[in-house]
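Participant: Take a look at this one; I'll ask things after.
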Amino acid sequence: EHIGSSNSMMGRRKATSTFALASLIATSTLSPSSASAMPTTTTTDTTQKQEASTNNNPLQIITDPNTYSSLVYIPPPSNNRSSKEPLPVIFYLHGAGQNKLPITNLANPTGEHGGLLPSLIASKSNEVPSSLLENFIVVCPYAQDKRSFYEEPRSKLLSFMEWFMTDGIKQAQQTRDEENKSSSSSTPPIEINRNKLFLFGFSDGATVSIELLTTRKFSGGIIAAYGYSGGVLPARALERLQRIPLWVFHCKEDVIFDVKFSDLLVQSLRKVNGENGEELIRYTRYDRDQEGFTGRVKGHSVGITASKKKEVYDWLLSL
């Protein structure tokens, strides 16, 4: 990921996060979608969707014209669950990058977000945990032409998420049905389990995820390479984060976001959760980079490591 580590960037993250947390803490519901109709399909959207279908990509593209485009994965029917069983959703928030390329950039294994959850799913490799592929809808919005979601209002992300659970899932259903026209088997409707909405954030996306979790509209989160540099979170934020299960990942060798940011987050959240702190707040703290990253991104690879970890998805299913 193309992420800077200057003091000015750290200061911007501190100021932006503090302001966003104050705004979100006052919000108790997901923002209503401003789009009630299906979005107009552009030539670019159509071309990208055709490319995804031609390449047999398990990810499809959906677009809310008022917020974001997103890559979406929908698990196929499985013998391990009922076809009518509502599915949990993982909203994946990527880290910083140039983000000038089309949304398919998110799924490019050699691109700036390579190795992370969208490209892992697209790779269809043996490293993709079956517990992920069989059980979760995965939604990956894209901060097109922005360095990251840090440069966007948090309300915009919340609006996108609400849109997905109403109109977006219908758009995904329609795309899936069109792709399966040649199949003799019927595809059951896609149902979302609104009691099982999870956030998976990496780097900037991890820090934004903590902010969104204060709305208490999510059942848990995976936080990889947390980067909030403003010290202990405000007391009201910690209160809003009580009893929300989190699994935090960081590496001691991270040269972009110091591991002390996650250390402090975990310490604060375990303290506010009392005797249940260690059970609710899991922490995987690596001494060395698990993916062999070196140079200016050394240690900043836990988003990749966590994405491949089967235990992560088994844990989310248990919540």
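Here's how to read the names in the structure tokens: chain A, B, ... by the order shown, residue numbers from 1 in each chain, ligand numbers from 1 in the order shown.
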Contacts of Glu278 (chain A) at 12 Å or less, counting only C-alpha atoms, minus same-chain residues fewer than 5 places along, as an NGL selection string?
Facilitator: :A and (243-248 or 266-273 or 283-284)
Participant: Since we have the selection now, will you write its residues out, keeping all heavy atoms, as a short mmCIF file (atom, residue, chain, number, x, y, z; two decimals), in the first residue's frame?
Facilitator:
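Result went into part01.cif, see below:
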data_model
loop_
_atom_site.label_atom_id
_atom_site.label_comp_id
_atom_site.auth_asym_id
_atom_site.auth_seq_id
_atom_site.Cartn_x
_atom_site.Cartn_y
_atom_site.Cartn_z
N ARG A 243 -18.29 -4.12 25.07
CA ARG A 243 -19.00 -5.38 24.75
C ARG A 243 -19.04 -5.68 23.26
O ARG A 243 -19.80 -6.54 22.82
CB ARG A 243 -20.43 -5.37 25.34
CG ARG A 243 -20.46 -5.27 26.86
CD ARG A 243 -21.87 -5.30 27.42
NE ARG A 243 -22.66 -4.16 26.93
CZ ARG A 243 -22.58 -2.93 27.45
NH1 ARG A 243 -21.74 -2.67 28.43
NH2 ARG A 243 -23.32 -1.96 26.97
N ILE A 244 -18.23 -4.98 22.46
CA ILE A 244 -18.14 -5.30 21.03
C ILE A 244 -16.88 -6.14 20.82
O ILE A 244 -15.77 -5.67 21.06
CB ILE A 244 -18.08 -4.03 20.17
CG1 ILE A 244 -19.36 -3.22 20.32
CG2 ILE A 244 -17.85 -4.40 18.69
CD1 ILE A 244 -19.36 -1.91 19.55
N PRO A 245 -17.02 -7.39 20.38
CA PRO A 245 -15.84 -8.25 20.19
C PRO A 245 -14.95 -7.74 19.05
O PRO A 245 -15.43 -7.40 17.98
CB PRO A 245 -16.46 -9.61 19.82
CG PRO A 245 -17.88 -9.53 20.26
CD PRO A 245 -18.28 -8.10 20.11
N LEU A 246 -13.65 -7.70 19.33
CA LEU A 246 -12.68 -7.28 18.32
C LEU A 246 -11.50 -8.25 18.32
O LEU A 246 -11.13 -8.80 19.35
CB LEU A 246 -12.14 -5.87 18.62
CG LEU A 246 -13.11 -4.69 18.59
CD1 LEU A 246 -12.36 -3.41 18.94
CD2 LEU A 246 -13.78 -4.57 17.23
N TRP A 247 -10.93 -8.42 17.12
CA TRP A 247 -9.67 -9.15 17.00
C TRP A 247 -8.70 -8.20 16.31
O TRP A 247 -8.88 -7.83 15.15
CB TRP A 247 -9.86 -10.43 16.19
CG TRP A 247 -8.69 -11.37 16.28
CD1 TRP A 247 -7.40 -11.07 16.62
CD2 TRP A 247 -8.70 -12.79 16.03
NE1 TRP A 247 -6.61 -12.19 16.60
CE2 TRP A 247 -7.39 -13.26 16.24
CE3 TRP A 247 -9.70 -13.67 15.63
CZ2 TRP A 247 -7.05 -14.60 16.07
CZ3 TRP A 247 -9.36 -15.01 15.45
CH2 TRP A 247 -8.05 -15.47 15.68
N VAL A 248 -7.69 -7.79 17.06
CA VAL A 248 -6.72 -6.80 16.59
C VAL A 248 -5.44 -7.50 16.15
O VAL A 248 -4.94 -8.40 16.85
CB VAL A 248 -6.42 -5.77 17.70
CG1 VAL A 248 -5.41 -4.73 17.22
CG2 VAL A 248 -7.71 -5.09 18.17
N VAL A 266 -5.89 -1.88 22.49
CA VAL A 266 -6.24 -3.13 23.16
C VAL A 266 -6.26 -2.94 24.67
O VAL A 266 -7.19 -3.39 25.37
CB VAL A 266 -5.26 -4.25 22.76
CG1 VAL A 266 -5.45 -5.49 23.63
CG2 VAL A 266 -5.43 -4.60 21.28
N GLN A 267 -5.24 -2.28 25.21
CA GLN A 267 -5.18 -2.04 26.65
C GLN A 267 -6.41 -1.27 27.14
O GLN A 267 -7.02 -1.62 28.14
CB GLN A 267 -3.91 -1.26 26.98
CG GLN A 267 -3.75 -0.92 28.45
CD GLN A 267 -2.54 -0.02 28.71
OE1 GLN A 267 -1.77 0.29 27.81
NE2 GLN A 267 -2.36 0.38 29.95
N SER A 268 -6.79 -0.23 26.40
CA SER A 268 -7.93 0.61 26.80
C SER A 268 -9.24 -0.16 26.73
O SER A 268 -10.08 -0.06 27.64
CB SER A 268 -8.01 1.84 25.89
OG SER A 268 -6.82 2.61 25.96
N LEU A 269 -9.42 -0.93 25.66
CA LEU A 269 -10.68 -1.66 25.49
C LEU A 269 -10.80 -2.82 26.47
O LEU A 269 -11.89 -3.12 26.96
CB LEU A 269 -10.80 -2.15 24.05
CG LEU A 269 -11.06 -1.05 23.01
CD1 LEU A 269 -11.07 -1.63 21.61
CD2 LEU A 269 -12.38 -0.33 23.29
N ARG A 270 -9.69 -3.48 26.76
CA ARG A 270 -9.74 -4.56 27.75
C ARG A 270 -10.06 -3.99 29.14
O ARG A 270 -10.82 -4.59 29.90
CB ARG A 270 -8.40 -5.31 27.78
CG ARG A 270 -8.24 -6.27 26.59
CD ARG A 270 -6.92 -7.00 26.63
NE ARG A 270 -6.87 -8.05 25.61
CZ ARG A 270 -5.80 -8.79 25.35
NH1 ARG A 270 -4.68 -8.59 26.05
NH2 ARG A 270 -5.84 -9.71 24.42
N LYS A 271 -9.51 -2.83 29.44
CA LYS A 271 -9.77 -2.21 30.74
C LYS A 271 -11.24 -1.83 30.89
O LYS A 271 -11.87 -2.11 31.92
CB LYS A 271 -8.89 -0.97 30.90
CG LYS A 271 -9.05 -0.27 32.25
CD LYS A 271 -8.12 0.92 32.36
CE LYS A 271 -8.27 1.62 33.71
NZ LYS A 271 -7.36 2.80 33.83
N VAL A 272 -11.82 -1.22 29.85
CA VAL A 272 -13.20 -0.77 29.95
C VAL A 272 -14.18 -1.94 29.98
O VAL A 272 -15.31 -1.81 30.46
CB VAL A 272 -13.54 0.21 28.78
CG1 VAL A 272 -13.81 -0.54 27.49
CG2 VAL A 272 -14.71 1.10 29.13
N ASN A 273 -13.73 -3.12 29.49
CA ASN A 273 -14.58 -4.31 29.49
C ASN A 273 -14.40 -5.18 30.73
O ASN A 273 -15.03 -6.24 30.85
CB ASN A 273 -14.33 -5.15 28.24
CG ASN A 273 -15.08 -4.61 27.02
OD1 ASN A 273 -16.30 -4.67 26.98
ND2 ASN A 273 -14.35 -4.08 26.06
N TYR A 283 -5.95 -10.20 20.63
CA TYR A 283 -4.82 -9.44 20.10
C TYR A 283 -3.75 -10.39 19.60
O TYR A 283 -3.18 -11.17 20.37
CB TYR A 283 -4.25 -8.53 21.18
CG TYR A 283 -3.24 -7.50 20.69
CD1 TYR A 283 -3.14 -7.14 19.35
CD2 TYR A 283 -2.39 -6.86 21.59
CE1 TYR A 283 -2.23 -6.19 18.91
CE2 TYR A 283 -1.48 -5.90 21.18
CZ TYR A 283 -1.41 -5.57 19.84
OH TYR A 283 -0.50 -4.62 19.42
N THR A 284 -3.48 -10.33 18.31
CA THR A 284 -2.38 -11.07 17.71
C THR A 284 -1.29 -10.07 17.35
O THR A 284 -1.47 -9.24 16.45
CB THR A 284 -2.83 -11.85 16.46
OG1 THR A 284 -3.86 -12.78 16.84
CG2 THR A 284 -1.67 -12.60 15.84
#
Participant: If we count only C-alpha atoms and set the cut-off at 12 Å, which residues sit around Phe293 (chain A), ignoring sequence neighbours fewer than 5 positions away in its own chain? Please answer as a JSON list (two decimals) with N, CA, C and O atoms, in the first residue's frame.
Facilitator:
[["chain", "number", "residue", "atom", "x", "y", "z"],
["A", 1, "GLU", "N", 0.84, -1.18, 0.00],
["A", 1, "GLU", "CA", 0.00, 0.00, 0.00],
["A", 1, "GLU", "C", 0.89, 1.24, 0.00],
["A", 1, "GLU", "O", 1.90, 1.30, 0.67],
["A", 115, "GLY", "N", -3.06, -8.95, -2.30],
["A", 115, "GLY", "CA", -2.92, -9.85, -1.17],
["A", 115, "GLY", "C", -3.99, -9.67, -0.11],
["A", 115, "GLY", "O", -4.18, -10.56, 0.72],
["A", 251, "CYS", "N", 1.99, -5.76, 13.87],
["A", 251, "CYS", "CA", 3.34, -6.33, 13.85],
["A", 251, "CYS", "C", 4.31, -5.35, 14.49],
["A", 251, "CYS", "O", 4.28, -4.14, 14.21],
["A", 253, "GLU", "N", 7.26, -4.90, 13.83],
["A", 253, "GLU", "CA", 8.17, -4.33, 12.83],
["A", 253, "GLU", "C", 7.50, -3.28, 11.93],
["A", 253, "GLU", "O", 8.15, -2.75, 11.04],
["A", 254, "ASP", "N", 6.23, -2.98, 12.16],
["A", 254, "ASP", "CA", 5.50, -2.05, 11.29],
["A", 254, "ASP", "C", 6.17, -0.68, 11.28],
["A", 254, "ASP", "O", 6.26, -0.01, 12.31],
["A", 255, "VAL", "N", 6.64, -0.27, 10.10],
["A", 255, "VAL", "CA", 7.34, 1.02, 9.98],
["A", 255, "VAL", "C", 6.40, 2.14, 9.58],
["A", 255, "VAL", "O", 6.81, 3.30, 9.50],
["A", 288, "ARG", "N", 7.60, -10.44, 14.00],
["A", 288, "ARG", "CA", 8.20, -10.25, 12.68],
["A", 288, "ARG", "C", 7.12, -10.30, 11.59],
["A", 288, "ARG", "O", 6.08, -10.91, 11.76],
["A", 298, "LYS", "N", 7.81, -2.53, 5.56],
["A", 298, "LYS", "CA", 8.13, -3.64, 6.46],
["A", 298, "LYS", "C", 7.17, -3.67, 7.64],
["A", 298, "LYS", "O", 6.88, -2.66, 8.27],
["A", 299, "GLY", "N", 6.66, -4.85, 7.91],
["A", 299, "GLY", "CA", 5.77, -5.04, 9.05],
["A", 299, "GLY", "C", 4.32, -4.63, 8.82],
["A", 299, "GLY", "O", 3.47, -4.92, 9.66],
["A", 300, "HIS", "N", 4.05, -4.00, 7.67],
["A", 300, "HIS", "CA", 2.70, -3.48, 7.42],
["A", 300, "HIS", "C", 1.90, -4.45, 6.54],
["A", 300, "HIS", "O", 1.30, -4.06, 5.55],
["A", 301, "SER", "N", 1.92, -5.70, 6.92],
["A", 301, "SER", "CA", 1.28, -6.73, 6.09],
["A", 301, "SER", "C", 0.26, -7.56, 6.84],
["A", 301, "SER", "O", -0.23, -8.56, 6.31],
["A", 302, "VAL", "N", -0.10, -7.14, 8.05],
["A", 302, "VAL", "CA", -1.01, -7.98, 8.84],
["A", 302, "VAL", "C", -2.40, -8.07, 8.23],
["A", 302, "VAL", "O", -3.15, -9.00, 8.53],
["A", 304, "ILE", "N", -2.95, -8.78, 5.16],
["A", 304, "ILE", "CA", -2.85, -9.98, 4.33],
["A", 304, "ILE", "C", -2.89, -11.23, 5.21],
["A", 304, "ILE", "O", -3.62, -12.18, 4.94],
["A", 305, "THR", "N", -2.10, -11.20, 6.27],
["A", 305, "THR", "CA", -2.02, -12.35, 7.18],
["A", 305, "THR", "C", -3.38, -12.67, 7.78],
["A", 305, "THR", "O", -3.80, -13.84, 7.81]]
Participant: Tell me, as a PDB file with N, CA, C and O atoms, in the first residue's frame, which residues lie within 12 Å of Ile190 (chain A), counting only C-alpha atoms; anything in the same chain fewer than 2 positions away does not count.
Facilitator:
ATOM      1  N   TYR A  73     -18.777 -10.214  -2.881  1.00  0.00           N
ATOM      2  CA  TYR A  73     -18.727 -11.671  -2.992  1.00  0.00           C
ATOM      3  C   TYR A  73     -19.958 -12.251  -2.310  1.00  0.00           C
ATOM      4  O   TYR A  73     -20.282 -11.883  -1.173  1.00  0.00           O
ATOM      5  N   ILE A  74     -20.640 -13.155  -3.002  1.00  0.00           N
ATOM      6  CA  ILE A  74     -21.802 -13.857  -2.439  1.00  0.00           C
ATOM      7  C   ILE A  74     -21.513 -15.355  -2.496  1.00  0.00           C
ATOM      8  O   ILE A  74     -21.224 -15.897  -3.568  1.00  0.00           O
ATOM      9  N   PRO A  75     -21.572 -16.030  -1.353  1.00  0.00           N
ATOM     10  CA  PRO A  75     -21.247 -17.459  -1.361  1.00  0.00           C
ATOM     11  C   PRO A  75     -22.274 -18.271  -2.133  1.00  0.00           C
ATOM     12  O   PRO A  75     -23.464 -17.941  -2.129  1.00  0.00           O
ATOM     13  N   PRO A  76     -21.836 -19.311  -2.794  1.00  0.00           N
ATOM     14  CA  PRO A  76     -22.779 -20.184  -3.504  1.00  0.00           C
ATOM     15  C   PRO A  76     -23.580 -21.007  -2.512  1.00  0.00           C
ATOM     16  O   PRO A  76     -23.217 -21.100  -1.331  1.00  0.00           O
ATOM     17  N   PRO A  77     -24.696 -21.592  -2.959  1.00  0.00           N
ATOM     18  CA  PRO A  77     -25.456 -22.485  -2.079  1.00  0.00           C
ATOM     19  C   PRO A  77     -24.557 -23.576  -1.516  1.00  0.00           C
ATOM     20  O   PRO A  77     -23.661 -24.078  -2.192  1.00  0.00           O
ATOM     21  N   SER A  82     -28.714 -23.857   5.259  1.00  0.00           N
ATOM     22  CA  SER A  82     -29.969 -23.792   4.518  1.00  0.00           C
ATOM     23  C   SER A  82     -29.890 -22.692   3.467  1.00  0.00           C
ATOM     24  O   SER A  82     -29.275 -21.647   3.679  1.00  0.00           O
ATOM     25  N   SER A  83     -30.518 -22.924   2.317  1.00  0.00           N
ATOM     26  CA  SER A  83     -30.520 -21.919   1.250  1.00  0.00           C
ATOM     27  C   SER A  83     -31.295 -20.676   1.659  1.00  0.00           C
ATOM     28  O   SER A  83     -31.127 -19.609   1.074  1.00  0.00           O
ATOM     29  N   LYS A  84     -32.151 -20.807   2.680  1.00  0.00           N
ATOM     30  CA  LYS A  84     -32.946 -19.669   3.140  1.00  0.00           C
ATOM     31  C   LYS A  84     -32.319 -18.979   4.355  1.00  0.00           C
ATOM     32  O   LYS A  84     -32.861 -18.007   4.868  1.00  0.00           O
ATOM     33  N   GLU A  85     -31.191 -19.490   4.809  1.00  0.00           N
ATOM     34  CA  GLU A  85     -30.555 -18.936   6.003  1.00  0.00           C
ATOM     35  C   GLU A  85     -29.943 -17.565   5.703  1.00  0.00           C
ATOM     36  O   GLU A  85     -29.154 -17.424   4.764  1.00  0.00           O
ATOM     37  N   PRO A  86     -30.299 -16.535   6.469  1.00  0.00           N
ATOM     38  CA  PRO A  86     -29.692 -15.210   6.249  1.00  0.00           C
ATOM     39  C   PRO A  86     -28.183 -15.267   6.461  1.00  0.00           C
ATOM     40  O   PRO A  86     -27.688 -15.951   7.358  1.00  0.00           O
ATOM     41  N   LEU A  87     -27.457 -14.532   5.627  1.00  0.00           N
ATOM     42  CA  LEU A  87     -26.003 -14.585   5.652  1.00  0.00           C
ATOM     43  C   LEU A  87     -25.400 -13.395   6.391  1.00  0.00           C
ATOM     44  O   LEU A  87     -25.870 -12.263   6.262  1.00  0.00           O
ATOM     45  N   PRO A  88     -24.333 -13.638   7.166  1.00  0.00           N
ATOM     46  CA  PRO A  88     -23.604 -12.519   7.769  1.00  0.00           C
ATOM     47  C   PRO A  88     -22.844 -11.749   6.691  1.00  0.00           C
ATOM     48  O   PRO A  88     -22.550 -12.281   5.617  1.00  0.00           O
ATOM     49  N   VAL A  89     -22.536 -10.490   6.993  1.00  0.00           N
ATOM     50  CA  VAL A  89     -21.852  -9.618   6.038  1.00  0.00           C
ATOM     51  C   VAL A  89     -20.556  -9.086   6.643  1.00  0.00           C
ATOM     52  O   VAL A  89     -20.541  -8.627   7.790  1.00  0.00           O
ATOM     53  N   PHE A 136     -19.985 -16.157   4.214  1.00  0.00           N
ATOM     54  CA  PHE A 136     -20.069 -14.704   4.340  1.00  0.00           C
ATOM     55  C   PHE A 136     -20.303 -13.994   3.007  1.00  0.00           C
ATOM     56  O   PHE A 136     -19.696 -14.344   1.985  1.00  0.00           O
ATOM     57  N   ILE A 137     -21.182 -13.000   3.047  1.00  0.00           N
ATOM     58  CA  ILE A 137     -21.191 -11.979   2.001  1.00  0.00           C
ATOM     59  C   ILE A 137     -20.056 -11.014   2.331  1.00  0.00           C
ATOM     60  O   ILE A 137     -19.912 -10.597   3.483  1.00  0.00           O
ATOM     61  N   MET A 165     -27.650  -2.920   2.059  1.00  0.00           N
ATOM     62  CA  MET A 165     -28.568  -3.855   2.706  1.00  0.00           C
ATOM     63  C   MET A 165     -29.999  -3.727   2.204  1.00  0.00           C
ATOM     64  O   MET A 165     -30.863  -4.542   2.556  1.00  0.00           O
ATOM     65  N   THR A 166     -30.257  -2.709   1.398  1.00  0.00           N
ATOM     66  CA  THR A 166     -31.587  -2.559   0.795  1.00  0.00           C
ATOM     67  C   THR A 166     -31.487  -2.716  -0.720  1.00  0.00           C
ATOM     68  O   THR A 166     -31.764  -3.778  -1.263  1.00  0.00           O
ATOM     69  N   GLY A 168     -28.637  -2.391  -2.689  1.00  0.00           N
ATOM     70  CA  GLY A 168     -27.404  -3.005  -3.186  1.00  0.00           C
ATOM     71  C   GLY A 168     -27.486  -4.504  -3.283  1.00  0.00           C
ATOM     72  O   GLY A 168     -27.030  -5.103  -4.260  1.00  0.00           O
ATOM     73  N   ILE A 169     -28.067  -5.138  -2.275  1.00  0.00           N
ATOM     74  CA  ILE A 169     -28.182  -6.586  -2.308  1.00  0.00           C
ATOM     75  C   ILE A 169     -29.106  -7.033  -3.435  1.00  0.00           C
ATOM     76  O   ILE A 169     -28.903  -8.087  -4.045  1.00  0.00           O
ATOM     77  N   LYS A 170     -30.114  -6.213  -3.744  1.00  0.00           N
ATOM     78  CA  LYS A 170     -30.992  -6.522  -4.875  1.00  0.00           C
ATOM     79  C   LYS A 170     -30.225  -6.424  -6.193  1.00  0.00           C
ATOM     80  O   LYS A 170     -30.425  -7.232  -7.105  1.00  0.00           O
ATOM     81  N   GLN A 171     -29.350  -5.421  -6.278  1.00  0.00           N
ATOM     82  CA  GLN A 171     -28.525  -5.277  -7.481  1.00  0.00           C
ATOM     83  C   GLN A 171     -27.604  -6.489  -7.640  1.00  0.00           C
ATOM     84  O   GLN A 171     -27.440  -7.018  -8.748  1.00  0.00           O
ATOM     85  N   ALA A 172     -27.029  -6.942  -6.521  1.00  0.00           N
ATOM     86  CA  ALA A 172     -26.170  -8.124  -6.570  1.00  0.00           C
ATOM     87  C   ALA A 172     -26.953  -9.366  -6.956  1.00  0.00           C
ATOM     88  O   ALA A 172     -26.484 -10.214  -7.724  1.00  0.00           O
ATOM     89  N   GLN A 173     -28.176  -9.476  -6.436  1.00  0.00           N
ATOM     90  CA  GLN A 173     -29.043 -10.608  -6.774  1.00  0.00           C
ATOM     91  C   GLN A 173     -29.353 -10.620  -8.266  1.00  0.00           C
ATOM     92  O   GLN A 173     -29.295 -11.668  -8.931  1.00  0.00           O
ATOM     93  N   GLN A 174     -29.658  -9.446  -8.807  1.00  0.00           N
ATOM     94  CA  GLN A 174     -29.982  -9.348 -10.227  1.00  0.00           C
ATOM     95  C   GLN A 174     -28.796  -9.760 -11.093  1.00  0.00           C
ATOM     96  O   GLN A 174     -28.945 -10.499 -12.069  1.00  0.00           O
ATOM     97  N   THR A 175     -27.614  -9.303 -10.722  1.00  0.00           N
ATOM     98  CA  THR A 175     -26.404  -9.657 -11.469  1.00  0.00           C
ATOM     99  C   THR A 175     -26.156 -11.156 -11.409  1.00  0.00           C
ATOM    100  O   THR A 175     -25.829 -11.793 -12.412  1.00  0.00           O
ATOM    101  N   ARG A 176     -26.313 -11.720 -10.217  1.00  0.00           N
ATOM    102  CA  ARG A 176     -26.101 -13.160 -10.059  1.00  0.00           C
ATOM    103  C   ARG A 176     -27.091 -13.948 -10.897  1.00  0.00           C
ATOM    104  O   ARG A 176     -26.726 -14.940 -11.552  1.00  0.00           O
ATOM    105  N   ASP A 177     -28.357 -13.531 -10.908  1.00  0.00           N
ATOM    106  CA  ASP A 177     -29.379 -14.243 -11.671  1.00  0.00           C
ATOM    107  C   ASP A 177     -29.081 -14.180 -13.171  1.00  0.00           C
ATOM    108  O   ASP A 177     -29.288 -15.158 -13.898  1.00  0.00           O
ATOM    109  N   THR A 187     -31.492 -20.106  -8.315  1.00  0.00           N
ATOM    110  CA  THR A 187     -30.722 -19.533  -7.222  1.00  0.00           C
ATOM    111  C   THR A 187     -31.683 -18.905  -6.221  1.00  0.00           C
ATOM    112  O   THR A 187     -32.520 -18.092  -6.586  1.00  0.00           O
ATOM    113  N   PRO A 188     -31.574 -19.281  -4.951  1.00  0.00           N
ATOM    114  CA  PRO A 188     -32.488 -18.743  -3.944  1.00  0.00           C
ATOM    115  C   PRO A 188     -32.207 -17.269  -3.681  1.00  0.00           C
ATOM    116  O   PRO A 188     -31.104 -16.777  -3.927  1.00  0.00           O
ATOM    117  N   ILE A 192     -29.910 -11.155   4.134  1.00  0.00           N
ATOM    118  CA  ILE A 192     -28.852 -10.647   5.000  1.00  0.00           C
ATOM    119  C   ILE A 192     -29.254 -10.786   6.460  1.00  0.00           C
ATOM    120  O   ILE A 192     -30.382 -10.468   6.839  1.00  0.00           O
ATOM    121  N   ASN A 193     -28.339 -11.260   7.270  1.00  0.00           N
ATOM    122  CA  ASN A 193     -28.544 -11.311   8.712  1.00  0.00           C
ATOM    123  C   ASN A 193     -28.062  -9.977   9.307  1.00  0.00           C
ATOM    124  O   ASN A 193     -26.870  -9.768   9.507  1.00  0.00           O
TER     125      ASN A 193
END
Participant: If you measure from CA of Asp289 (chain A) to CA of Ala225 (chain A), what distance in Å do you get, rounded to one decimal?
Facilitator: 11.9 Å
Participant: As an NGL selection string, please: every residue in region 50-240 of chain A that a backbone DSSP assignment puts in strand (DSSP E).
Facilitator: :A and (59-63 or 69-73 or 87-93 or 137-141 or 192-202 or 220-224)
Participant: Can those selected residues be exported to a file as a compact mmCIF listing (two decimals), in the first residue's frame so that it contains N, CA and C atoms?
Facilitator:
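Saved result, result.txt, follows:
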# COMPACT_ATOMS: atom_id res chain seq x y z
N LEU A 59 -16.03 -12.16 -7.65
CA LEU A 59 -16.47 -10.85 -7.18
C LEU A 59 -17.26 -10.14 -8.27
N GLN A 60 -18.35 -9.51 -7.90
CA GLN A 60 -19.10 -8.70 -8.85
C GLN A 60 -19.06 -7.24 -8.43
N ILE A 61 -19.40 -6.35 -9.34
CA ILE A 61 -19.35 -4.91 -9.09
C ILE A 61 -20.76 -4.37 -8.94
N ILE A 62 -21.00 -3.63 -7.86
CA ILE A 62 -22.25 -2.91 -7.71
C ILE A 62 -21.93 -1.44 -7.45
N THR A 63 -22.88 -0.56 -7.73
CA THR A 63 -22.62 0.87 -7.61
C THR A 63 -23.81 1.62 -7.04
N SER A 69 -18.80 2.68 -5.38
CA SER A 69 -18.86 1.39 -6.04
C SER A 69 -18.20 0.37 -5.12
N SER A 70 -18.54 -0.89 -5.32
CA SER A 70 -18.03 -1.91 -4.41
C SER A 70 -17.86 -3.24 -5.14
N LEU A 71 -16.87 -3.99 -4.73
CA LEU A 71 -16.79 -5.39 -5.11
C LEU A 71 -17.57 -6.20 -4.08
N VAL A 72 -18.31 -7.18 -4.55
CA VAL A 72 -19.15 -7.98 -3.65
C VAL A 72 -18.94 -9.46 -3.94
N TYR A 73 -18.78 -10.21 -2.88
CA TYR A 73 -18.73 -11.67 -2.99
C TYR A 73 -19.96 -12.25 -2.31
N LEU A 87 -27.46 -14.53 5.63
CA LEU A 87 -26.00 -14.58 5.65
C LEU A 87 -25.40 -13.40 6.39
N PRO A 88 -24.33 -13.64 7.17
CA PRO A 88 -23.60 -12.52 7.77
C PRO A 88 -22.84 -11.75 6.69
N VAL A 89 -22.54 -10.49 6.99
CA VAL A 89 -21.85 -9.62 6.04
C VAL A 89 -20.56 -9.09 6.64
N ILE A 90 -19.48 -9.15 5.87
CA ILE A 90 -18.22 -8.50 6.23
C ILE A 90 -18.06 -7.29 5.33
N PHE A 91 -18.00 -6.10 5.91
CA PHE A 91 -17.66 -4.90 5.16
C PHE A 91 -16.15 -4.69 5.30
N TYR A 92 -15.45 -4.79 4.17
CA TYR A 92 -14.00 -4.66 4.19
C TYR A 92 -13.61 -3.24 3.77
N LEU A 93 -12.81 -2.57 4.60
CA LEU A 93 -12.34 -1.21 4.31
C LEU A 93 -10.84 -1.23 4.07
N ILE A 137 -21.18 -13.00 3.05
CA ILE A 137 -21.19 -11.98 2.00
C ILE A 137 -20.06 -11.01 2.33
N VAL A 138 -19.25 -10.68 1.35
CA VAL A 138 -18.14 -9.76 1.57
C VAL A 138 -18.34 -8.54 0.68
N VAL A 139 -18.32 -7.36 1.28
CA VAL A 139 -18.59 -6.11 0.57
C VAL A 139 -17.36 -5.21 0.70
N CYS A 140 -16.81 -4.79 -0.44
CA CYS A 140 -15.55 -4.05 -0.45
C CYS A 140 -15.70 -2.72 -1.19
N PRO A 141 -16.16 -1.67 -0.51
CA PRO A 141 -16.27 -0.37 -1.18
C PRO A 141 -14.90 0.18 -1.54
N ILE A 192 -29.91 -11.16 4.13
CA ILE A 192 -28.85 -10.65 5.00
C ILE A 192 -29.25 -10.79 6.46
N ASN A 193 -28.34 -11.26 7.27
CA ASN A 193 -28.54 -11.31 8.71
C ASN A 193 -28.06 -9.98 9.31
N ARG A 194 -29.00 -9.09 9.59
CA ARG A 194 -28.63 -7.77 10.10
C ARG A 194 -28.08 -7.80 11.52
N ASN A 195 -28.18 -8.93 12.16
CA ASN A 195 -27.57 -9.08 13.48
C ASN A 195 -26.14 -9.59 13.40
N LYS A 196 -25.66 -9.80 12.18
CA LYS A 196 -24.30 -10.30 11.98
C LYS A 196 -23.58 -9.46 10.93
N LEU A 197 -23.40 -8.17 11.24
CA LEU A 197 -22.68 -7.26 10.36
C LEU A 197 -21.31 -7.00 10.98
N PHE A 198 -20.26 -7.25 10.20
CA PHE A 198 -18.90 -7.13 10.73
C PHE A 198 -18.08 -6.15 9.89
N LEU A 199 -17.08 -5.56 10.55
CA LEU A 199 -16.13 -4.68 9.86
C LEU A 199 -14.76 -5.35 9.86
N PHE A 200 -14.09 -5.27 8.72
CA PHE A 200 -12.71 -5.75 8.59
C PHE A 200 -11.93 -4.58 7.99
N GLY A 201 -11.12 -3.94 8.81
CA GLY A 201 -10.39 -2.77 8.33
C GLY A 201 -8.89 -2.96 8.40
N PHE A 202 -8.21 -2.49 7.35
CA PHE A 202 -6.75 -2.55 7.32
C PHE A 202 -6.18 -1.14 7.24
N GLY A 220 -19.08 -6.94 15.52
CA GLY A 220 -17.68 -7.19 15.83
C GLY A 220 -16.80 -6.70 14.71
N GLY A 221 -15.49 -6.82 14.91
CA GLY A 221 -14.59 -6.32 13.88
C GLY A 221 -13.22 -6.96 13.91
N ILE A 222 -12.58 -6.94 12.75
CA ILE A 222 -11.18 -7.33 12.59
C ILE A 222 -10.41 -6.04 12.32
N ILE A 223 -9.45 -5.73 13.16
CA ILE A 223 -8.72 -4.47 13.09
C ILE A 223 -7.25 -4.78 12.83
N ALA A 224 -6.77 -4.51 11.62
CA ALA A 224 -5.41 -4.87 11.23
C ALA A 224 -4.58 -3.62 10.95
